[in-house]
$ cat query_2.cif   # mmCIF, C-alpha atoms, pLDDT in the B column; chains and numbers go by the auth columns
data_start
loop_
_atom_site.group_PDB
_atom_site.id
_atom_site.type_symbol
_atom_site.label_atom_id
_atom_site.label_comp_id
_atom_site.label_asym_id
_atom_site.label_seq_id
_atom_site.Cartn_x
_atom_site.Cartn_y
_atom_site.Cartn_z
_atom_site.B_iso_or_equiv
_atom_site.auth_seq_id
_atom_site.auth_asym_id
ATOM 1 C CA MET A 1 -11.406 -17.107 183.818 87.00 1 A
ATOM 2 C CA ARG A 2 -12.874 -20.434 182.828 91.00 2 A
ATOM 3 C CA VAL A 3 -12.749 -21.269 179.140 90.00 3 A
ATOM 4 C CA LYS A 4 -13.886 -24.196 177.033 91.00 4 A
ATOM 5 C CA CYS A 5 -11.963 -25.657 174.114 91.00 5 A
ATOM 6 C CA VAL A 6 -13.843 -25.383 170.832 90.00 6 A
ATOM 7 C CA LEU A 7 -12.776 -28.814 169.582 91.00 7 A
ATOM 8 C CA CYS A 8 -12.682 -31.170 172.551 92.00 8 A
ATOM 9 C CA ASP A 9 -14.973 -29.296 175.035 90.00 9 A
ATOM 10 C CA LYS A 10 -12.311 -29.475 177.736 91.00 10 A
ATOM 11 C CA ILE A 11 -12.780 -26.789 180.414 92.00 11 A
ATOM 12 C CA GLU A 12 -9.635 -24.998 181.604 90.00 12 A
ATOM 13 C CA SER A 13 -8.893 -21.872 183.561 91.00 13 A
ATOM 14 C CA ILE A 14 -6.648 -19.027 182.420 90.00 14 A
ATOM 15 C CA GLU A 15 -5.545 -15.883 184.204 91.00 15 A
ATOM 16 C CA ASN A 16 -8.111 -13.089 184.167 91.00 16 A
ATOM 17 C CA GLU A 17 -5.499 -10.465 183.324 90.00 17 A
ATOM 18 C CA SER A 18 -3.812 -12.352 180.482 90.00 18 A
ATOM 19 C CA LEU A 19 -3.868 -11.087 176.914 90.00 19 A
ATOM 20 C CA GLN A 20 -5.777 -14.149 175.769 88.00 20 A
ATOM 21 C CA ALA A 21 -8.504 -13.596 178.372 90.00 21 A
ATOM 22 C CA LYS A 22 -8.817 -9.974 177.327 91.00 22 A
ATOM 23 C CA ARG A 23 -9.231 -10.966 173.677 89.00 23 A
ATOM 24 C CA LEU A 24 -11.891 -13.524 174.554 89.00 24 A
ATOM 25 C CA ARG A 25 -13.839 -10.988 176.621 88.00 25 A
ATOM 26 C CA ASN A 26 -13.673 -8.085 174.178 89.00 26 A
ATOM 27 C CA ARG A 27 -14.028 -9.937 170.882 85.00 27 A
ATOM 28 C CA PRO A 28 -16.562 -12.771 171.010 76.00 28 A
ATOM 29 C CA ILE A 29 -15.475 -14.059 167.605 82.00 29 A
ATOM 30 C CA HIS A 30 -12.167 -15.200 169.107 82.00 30 A
ATOM 31 C CA THR A 31 -12.320 -18.776 170.342 87.00 31 A
ATOM 32 C CA TYR A 32 -10.190 -20.783 172.760 89.00 32 A
ATOM 33 C CA MET A 33 -8.262 -23.929 171.875 91.00 33 A
ATOM 34 C CA CYS A 34 -6.394 -26.003 174.450 91.00 34 A
ATOM 35 C CA LYS A 35 -2.685 -26.712 173.918 91.00 35 A
ATOM 36 C CA PRO A 36 -3.073 -30.399 172.883 94.00 36 A
ATOM 37 C CA CYS A 37 -5.618 -29.475 170.188 93.00 37 A
ATOM 38 C CA GLU A 38 -3.509 -26.555 169.020 92.00 38 A
ATOM 39 C CA THR A 39 -0.357 -28.678 168.670 95.00 39 A
ATOM 40 C CA ARG A 40 -2.297 -31.472 166.945 95.00 40 A
ATOM 41 C CA ILE A 41 -3.718 -29.074 164.346 92.00 41 A
ATOM 42 C CA THR A 42 -0.302 -27.463 163.824 93.00 42 A
ATOM 43 C CA GLU A 43 1.348 -30.839 163.234 94.00 43 A
ATOM 44 C CA LYS A 44 -1.369 -32.032 160.848 91.00 44 A
ATOM 45 C CA THR A 45 -1.196 -28.772 158.869 87.00 45 A
ATOM 46 C CA GLN A 46 2.584 -29.030 158.557 89.00 46 A
ATOM 47 C CA GLU A 47 2.277 -32.628 157.381 90.00 47 A
ATOM 48 C CA ARG A 48 -0.228 -31.619 154.684 87.00 48 A
ATOM 49 C CA ALA A 49 1.959 -28.689 153.616 86.00 49 A
ATOM 50 C CA GLU A 50 4.942 -31.019 153.167 88.00 50 A
ATOM 51 C CA THR A 51 3.008 -33.283 150.778 87.00 51 A
ATOM 52 C CA GLY A 52 2.786 -30.501 148.219 81.00 52 A
ATOM 53 C CA ASN A 53 -0.971 -30.889 147.717 82.00 53 A
ATOM 54 C CA PHE A 54 -1.791 -28.236 150.294 79.00 54 A
ATOM 55 C CA ASN A 55 -2.785 -24.784 149.053 79.00 55 A
ATOM 56 C CA LEU A 56 -2.992 -21.901 151.464 75.00 56 A
ATOM 57 C CA TYR A 57 -5.263 -19.272 149.980 80.00 57 A
ATOM 58 C CA ARG A 58 -4.241 -15.816 151.127 76.00 58 A
ATOM 59 C CA SER A 59 -5.271 -12.531 149.625 79.00 59 A
ATOM 60 C CA LYS A 60 -2.569 -10.709 147.741 79.00 60 A
ATOM 61 C CA VAL A 61 -1.258 -7.611 149.482 78.00 61 A
ATOM 62 C CA GLN A 62 -1.439 -4.569 147.296 78.00 62 A
ATOM 63 C CA GLU A 63 1.040 -1.840 148.063 79.00 63 A
ATOM 64 C CA GLU A 64 -0.218 1.675 147.713 77.00 64 A
ATOM 65 C CA GLU A 65 2.041 3.943 145.735 76.00 65 A
ATOM 66 C CA TRP A 66 1.925 7.600 146.711 70.00 66 A
#
$ encode --input "query_2.cif" --output "structure tokens"
Amino acid sequence: MRVKCVLCDKIESIENESLQAKRLRNRPIHTYMCKPCETRITEKTQERAETGNFNLYRSKVQEEEW
């Protein structure tokens, strides 16, 4: 399967039977990112998190009591 990176528009091919290919086919909201872009974003995010000025907004998980 041929896929295109969302950030750098690089075209790559992945296996048709891989889990990632299945997700891209069945759920169009999922997007593909090549490995260099993925590692670059991961590194930049970790650098921002280490500065202390980075806030990650996640919804609070509410446990249901039965």
$ resolve_selection --input "query_2.cif" --expression "the PyMOL selection byres ((chain A and resi 12) around 12)" --output "list in words"
Met1, Arg2, Val3, Lys4, Cys5, Val6, Cys8, Asp9, Lys10, Ile11, Ser13, Ile14, Glu15, Ala21, Tyr32, Met33, Cys34 and Lys35 of chain A
$ atom_distance --input "query_2.cif" --atom1 "atom CA of Leu7 of chain A" --atom2 "atom CA of Ile41 of chain A"
10.5 Å
$ atom_distance --input "query_2.cif" --atom1 "atom CA of Gln20 of chain A" --atom2 "atom CA of Leu56 of chain A"
25.7 Å
$ atom_distance --input "query_2.cif" --atom1 "atom CA of Gln62 of chain A" --atom2 "atom CA of Thr45 of chain A"
26.8 Å
$ axis_aligned_box --input "query_2.cif" --around "segment 22-41 of chain A" --padding-each-side "5 Å" --output "JSON"
{"center_x": -8.5, "center_y": -19.8, "center_z": 170.8, "size_x": 26.2, "size_y": 33.4, "size_z": 23.0}
